[in-house]
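Inspection log for the structure reproduced underneath, given as structure tokens.
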Amino acid sequence: MRVCGIIAEYNPFHNGHLRQLHYVREVLKADYIVVAMSGDFVQRGEPALLEKYARARMALLSGADLVLELPVSVSTASAEGFASGGVQLLSSLGIVDTLCFGAETEDLPLLSRIACVLLREPEEYRTVLLRELSCGHSFAEAREQALRETMPEETQLSMVLSSPNNILALEYLKAVKRTGSSLQPQLLQRKGAPYHSESLTGSLPSATAIRKMILEGPASGLHTEEIFLRLSACMPESAALILREAISTRGLFPRTGLDEALLYRLFMEDRSSLVRFLDVDEALAGRILHLRAGYTGFSAFAQLIKTRNLALTHVQRALLHILLGITAIPGEMRFARVLGFRERARSLFTAIKEKAPETLLLTKLSDAASILDEDSLSCLLETVRASDLYDAILARQAGRNAISEYSRPLEIIRTDAL
């Protein structure tokens, strides 16, 4: 039995993701596909466009067999923490033998060589890195120069390090090597529009362009039918239908949804308490306190705080961690929470119990308190609280009652037809 793992956000699911699932099934010949997916908050330090159950259903209807939720501390971490947590989760199952990820380059050996240097950090690399940082360069700039001087024979470094999916691919490779995971990396070269492109052209546009169309289309004078007609060219039909239903019944997370909650939290903290949160150091804590009197909203405040050497996504993650009370990433994955599965994947549950009895597969939240250890339960409840907040804000916007995580059923696809 060959089982392939994918680490993803699906924010939202589109044709590029479908291409990867087809590649895993048809080229890698996987019998099953297990996805470790972000929940209601994502790696850019933002709420997901759609709630996690809708996105899990999109993946299942497009060919995934089992969708597991990444803890919120992992899904909102830096690229290194996100990749490390995803690799740990998939490895802990005992049944996943392959990790498939996308990258702009198709040169997996080159990525592997770079990952080895980044992981080992030889003396020459560290010396140059510290030198460049002391000169005021950003970490990304300092890292590239350190790699250039450590690996002068590699002529493609600039291209590799300038592409977001390549950076994440390097972190996957580092995580596999660092943890001694048995996962075998498989790379699929990314096709279509660039990662940050906002143009909704072709059948493989970026997720950025899709989100822009969904969020800004109505303000641009486009009617709902026109928006979904354009989206139908870049999303599987089943995903587009789920998106449409979700928007009409539950709505999208409002852009200002976190504004009031974050304002309250910022004024409840001081420098010593702020540095407890993930991604917040002394300098950032000081900047937050210095500028918080000018707070007008989550997004505007993140823009106000960012600097040349402090990326917007880093600031957004830090603010989100303050809001959600996240202080650390779990050092070890001892449980895996199921969001949904295809009926044919029930056999995987038995296989996981046999191969990795120490990893508890959680299908009912009500069982958690009796079967999880203290650290695992704390990690789970942190994620549950984040999702309850997400739905409470959605519910207030839609004029309905919030739905507790404990009341949400799994997404189960009872047909094997793709």
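In the structure tokens, the first chain shown is A, the next is B, and so on; residue numbers restart at 1 for each chain, and ligands run from 1 in the order shown.
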#### Entry: For Val27 of chain A: contacts at 12 Å, only C-alpha atoms, fewer than 2 positions along chain excluded, given as a ChimeraX atom specification
/A:4,19-25,29-31,100,186-188
Written selection (C-alpha atoms) as a JSON list (two decimals), in the first residue's frame:
[["chain", "number", "residue", "atom", "x", "y", "z"],
["A", 4, "CYS", "CA", 1.26, 9.91, -0.17],
["A", 19, "ARG", "CA", -3.27, 18.88, -10.76],
["A", 20, "GLN", "CA", -1.19, 17.82, -7.77],
["A", 21, "LEU", "CA", -3.76, 15.25, -6.63],
["A", 22, "HIS", "CA", -3.91, 13.80, -10.14],
["A", 23, "TYR", "CA", -0.09, 13.66, -10.26],
["A", 24, "VAL", "CA", 0.05, 11.80, -6.96],
["A", 25, "ARG", "CA", -2.60, 9.32, -8.08],
["A", 29, "LYS", "CA", 0.68, 5.62, -8.18],
["A", 30, "ALA", "CA", -0.49, 6.35, -4.65],
["A", 31, "ASP", "CA", -3.24, 4.11, -3.31],
["A", 100, "CYS", "CA", 4.60, 15.50, -2.46],
["A", 186, "GLN", "CA", 8.54, 14.05, -4.45],
["A", 187, "LEU", "CA", 8.51, 17.39, -6.25],
["A", 188, "LEU", "CA", 5.91, 18.64, -8.72]]
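Those residues in segment 47-249 of chain A carrying a DSSP assignment of strand (DSSP E or B), computed from the backbone, are Pro47, Leu66, Val67, Leu68, Glu69, Thr98, Leu99, Cys100, Phe101, Gly102, Ala103, Gln184, Pro185, Gln186, Leu187, Leu188 and Gln189 of chain A.
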### Task
If you run DSSP over the backbone, which residues in segment 195-409 of chain A end up alpha helix (DSSP H)? Put them as a PyMOL selection string.
chain A and resi 207-216+224-231+237-249+259-267+271-274+282-291+298-305+312-324+346-355+368-371+374-398
Could you make a table, as CSV, of the residues of segment 309-410 of chain A that have an atom within 10 Å of an atom of segment 38-62 of chain A, each with its nearest atom pair and distance in Å to one decimal, counting only C-alpha atoms, in chain and number order?
residue,atom,partner,partner_atom,distance
A:Leu312,CA,A:Arg44,CA,8.7
A:Thr313,CA,A:Arg44,CA,5.2
A:His314,CA,A:Gly45,CA,7.6
A:Val315,CA,A:Gly45,CA,7.9
A:Gln316,CA,A:Gly45,CA,4.7
A:Arg317,CA,A:Gly45,CA,4.0
A:Ala318,CA,A:Gly45,CA,7.5
A:Leu319,CA,A:Gly45,CA,7.8
A:Leu320,CA,A:Gly45,CA,6.0
A:His321,CA,A:Gly45,CA,8.3
A:Val338,CA,A:Ala56,CA,9.9
A:Leu339,CA,A:Tyr53,CA,6.7
A:Gly340,CA,A:Ala56,CA,6.5
A:Phe341,CA,A:Leu60,CA,6.7
A:Arg342,CA,A:Leu60,CA,6.6
A:Thr383,CA,A:Gly39,CA,8.1
A:Val384,CA,A:Gly39,CA,9.7
A:Ala386,CA,A:Asp40,CA,7.5
A:Ser387,CA,A:Asp40,CA,5.9
A:Asp388,CA,A:Asp40,CA,9.4
A:Leu389,CA,A:Asp40,CA,9.6
A:Tyr390,CA,A:Asp40,CA,6.8
A:Asp391,CA,A:Glu51,CA,8.0
A:Leu394,CA,A:Glu51,CA,9.4
A:Arg408,CA,A:Tyr53,CA,8.7
A:Pro409,CA,A:Tyr53,CA,9.0
A:Leu410,CA,A:Tyr53,CA,7.8
Write the residues you've just listed into a file as a tab-separated table (two decimals), in the first residue's frame, and include C-alpha atoms for each of them.
chain	number	residue	atom	x	y	z
A	312	LEU	CA	4.23	42.02	6.67
A	313	THR	CA	3.46	38.30	6.96
A	314	HIS	CA	5.73	38.03	10.01
A	315	VAL	CA	3.88	40.93	11.65
A	316	GLN	CA	0.48	39.46	10.81
A	317	ARG	CA	1.47	36.11	12.30
A	318	ALA	CA	2.74	37.80	15.46
A	319	LEU	CA	-0.47	39.82	15.87
A	320	LEU	CA	-2.57	36.73	15.30
A	321	HIS	CA	-0.57	34.82	17.91
A	338	VAL	CA	-9.75	14.11	11.39
A	339	LEU	CA	-11.74	16.74	9.49
A	340	GLY	CA	-13.06	14.36	6.86
A	341	PHE	CA	-12.46	11.25	4.79
A	342	ARG	CA	-13.69	9.23	1.87
A	383	THR	CA	-7.18	25.12	17.94
A	384	VAL	CA	-10.78	24.56	19.01
A	386	ALA	CA	-9.53	29.61	17.47
A	387	SER	CA	-12.17	27.92	15.31
A	388	ASP	CA	-14.95	28.85	17.75
A	389	LEU	CA	-13.84	32.48	17.51
A	390	TYR	CA	-13.75	32.24	13.71
A	391	ASP	CA	-17.32	30.92	13.57
A	394	LEU	CA	-18.95	34.68	10.94
A	408	ARG	CA	-19.58	19.99	13.80
A	409	PRO	CA	-19.78	16.60	12.03
A	410	LEU	CA	-16.94	15.17	9.98
Non-local contacts of Pro109 of chain A (12 Å; only C-alpha atoms; under 4 positions in same chain excluded) as a PDB file with N, CA and C atoms, in the first residue's frame:
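Full text of around-v9.pdb as output:
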ATOM      1  N   THR A 105      10.952  25.492  -9.094  1.00  0.00           N
ATOM      2  CA  THR A 105      12.019  24.761  -9.776  1.00  0.00           C
ATOM      3  C   THR A 105      11.683  23.284  -9.819  1.00  0.00           C
ATOM      4  N   ARG A 113      20.436  19.994  -1.772  1.00  0.00           N
ATOM      5  CA  ARG A 113      21.775  20.479  -1.397  1.00  0.00           C
ATOM      6  C   ARG A 113      21.675  21.771  -0.579  1.00  0.00           C
ATOM      7  N   ILE A 114      20.794  22.653  -1.013  1.00  0.00           N
ATOM      8  CA  ILE A 114      20.611  23.913  -0.275  1.00  0.00           C
ATOM      9  C   ILE A 114      20.067  23.628   1.121  1.00  0.00           C
ATOM     10  N   ALA A 115      19.096  22.720   1.188  1.00  0.00           N
ATOM     11  CA  ALA A 115      18.494  22.372   2.480  1.00  0.00           C
ATOM     12  C   ALA A 115      19.533  21.819   3.446  1.00  0.00           C
ATOM     13  N   CYS A 116      20.469  21.046   2.928  1.00  0.00           N
ATOM     14  CA  CYS A 116      21.524  20.479   3.773  1.00  0.00           C
ATOM     15  C   CYS A 116      22.395  21.580   4.387  1.00  0.00           C
ATOM     16  N   GLU A 154      26.920  26.919  -7.269  1.00  0.00           N
ATOM     17  CA  GLU A 154      25.498  26.904  -7.633  1.00  0.00           C
ATOM     18  C   GLU A 154      25.129  28.260  -8.242  1.00  0.00           C
ATOM     19  N   ALA A 169       9.444  24.527  -0.012  1.00  0.00           N
ATOM     20  CA  ALA A 169      10.006  23.218  -0.358  1.00  0.00           C
ATOM     21  C   ALA A 169      11.296  22.964   0.407  1.00  0.00           C
ATOM     22  N   LEU A 170      12.148  23.986   0.527  1.00  0.00           N
ATOM     23  CA  LEU A 170      13.377  23.852   1.303  1.00  0.00           C
ATOM     24  C   LEU A 170      13.063  23.513   2.753  1.00  0.00           C
ATOM     25  N   LEU A 173      12.094  19.863   3.063  1.00  0.00           N
ATOM     26  CA  LEU A 173      13.290  19.011   2.993  1.00  0.00           C
ATOM     27  C   LEU A 173      14.090  19.094   4.289  1.00  0.00           C
ATOM     28  N   PRO A 185      10.654  12.549  -0.355  1.00  0.00           N
ATOM     29  CA  PRO A 185      10.184  13.762  -1.037  1.00  0.00           C
ATOM     30  C   PRO A 185       9.961  13.534  -2.535  1.00  0.00           C
ATOM     31  N   GLN A 186       8.856  14.069  -3.027  1.00  0.00           N
ATOM     32  CA  GLN A 186       8.545  14.051  -4.452  1.00  0.00           C
ATOM     33  C   GLN A 186       8.113  15.455  -4.843  1.00  0.00           C
ATOM     34  N   LEU A 187       8.762  16.004  -5.859  1.00  0.00           N
ATOM     35  CA  LEU A 187       8.510  17.393  -6.249  1.00  0.00           C
ATOM     36  C   LEU A 187       7.679  17.454  -7.524  1.00  0.00           C
TER      37      LEU A 187
END
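Between Met37 of chain A and the residues A:Gln189, A:Thr76, A:Ser273, A:Asn165, the shortest atom-to-atom distance, using only C-alpha atoms, involves A:Thr76.
Remark: for Gly180 of chain A, the closest of the candidate residues A:Met159, A:Leu258, A:Val87, A:Ala140 is A:Val87 (distances computed over only C-alpha atoms).
Between atom CA of Leu99 of chain A and atom CA of His14 of chain A there is a distance of 19.8 Å.
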### Task
Within 9 Å of Pro164 of chain A, counting only C-alpha atoms, which residues show up once you throw out same-chain ones fewer than 2 positions away? Write them as a list of chain:residue names, please.
A:Ala103, A:Glu104, A:Val160, A:Leu161, A:Ser162, A:Asn166, A:Ile167, A:Leu168, A:Ala169, A:Tyr195, A:His196
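Going from atom CA of Ala233 of chain A over to atom CA of Gly202 of chain A, you cover 7.6 Å.
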#### Entry: Residues within 10 Å of segment 365-369 of chain A, only C-alpha atoms, excluding chain neighbours under 6 positions, as a VMD selection string
chain A and resid 335 337 to 338 376 to 378 380 to 381 384 405 to 409
For the contact check between segment 3-86 of chain A and segment 348-363 of chain A, emit one row per residue of segment 3-86 of chain A within 10 Å, containing the shortest atom pair and the distance in Å rounded to one decimal, counting only C-alpha atoms, chain then rising number order, as a tab-separated table.
residue	atom	partner	partner_atom	distance
A:Val3	CA	A:Leu348	CA	9.4
A:Tyr32	CA	A:Leu348	CA	8.5
A:Val34	CA	A:Leu348	CA	9.5
A:Asp65	CA	A:Leu348	CA	9.2
A:Leu66	CA	A:Leu348	CA	8.5
A:Leu68	CA	A:Leu361	CA	9.4
Can you write out the residues you just picked, keeping C-alpha atoms, as a short mmCIF file (atom, residue, chain, number, x, y, z; two decimals), in the first residue's frame?
data_model
loop_
_atom_site.label_atom_id
_atom_site.label_comp_id
_atom_site.auth_asym_id
_atom_site.auth_seq_id
_atom_site.Cartn_x
_atom_site.Cartn_y
_atom_site.Cartn_z
CA VAL A 3 0.27 6.39 0.86
CA TYR A 32 -4.26 6.74 -0.78
CA VAL A 34 -3.56 11.99 3.16
CA ASP A 65 -8.83 10.30 0.92
CA LEU A 66 -8.22 11.65 4.41
CA LEU A 68 -6.34 16.00 8.96
#
### Query
When you draw a straight line from atom CA of Leu119 of chain A to atom CA of Ile326 of chain A, how long is it in Å?
25.6 Å
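Using only C-alpha atoms, the nearest neighbour of Leu263 of chain A within the list A:Met213, A:Ala239, A:Ile413, A:Ala300 is A:Ala300.
Comparing the minimum interatomic distances between Lys191 of chain A and each of A:Glu106, A:Glu69, A:Glu332, A:Asp279, counting only C-alpha atoms, we find that A:Glu106 sits nearest.
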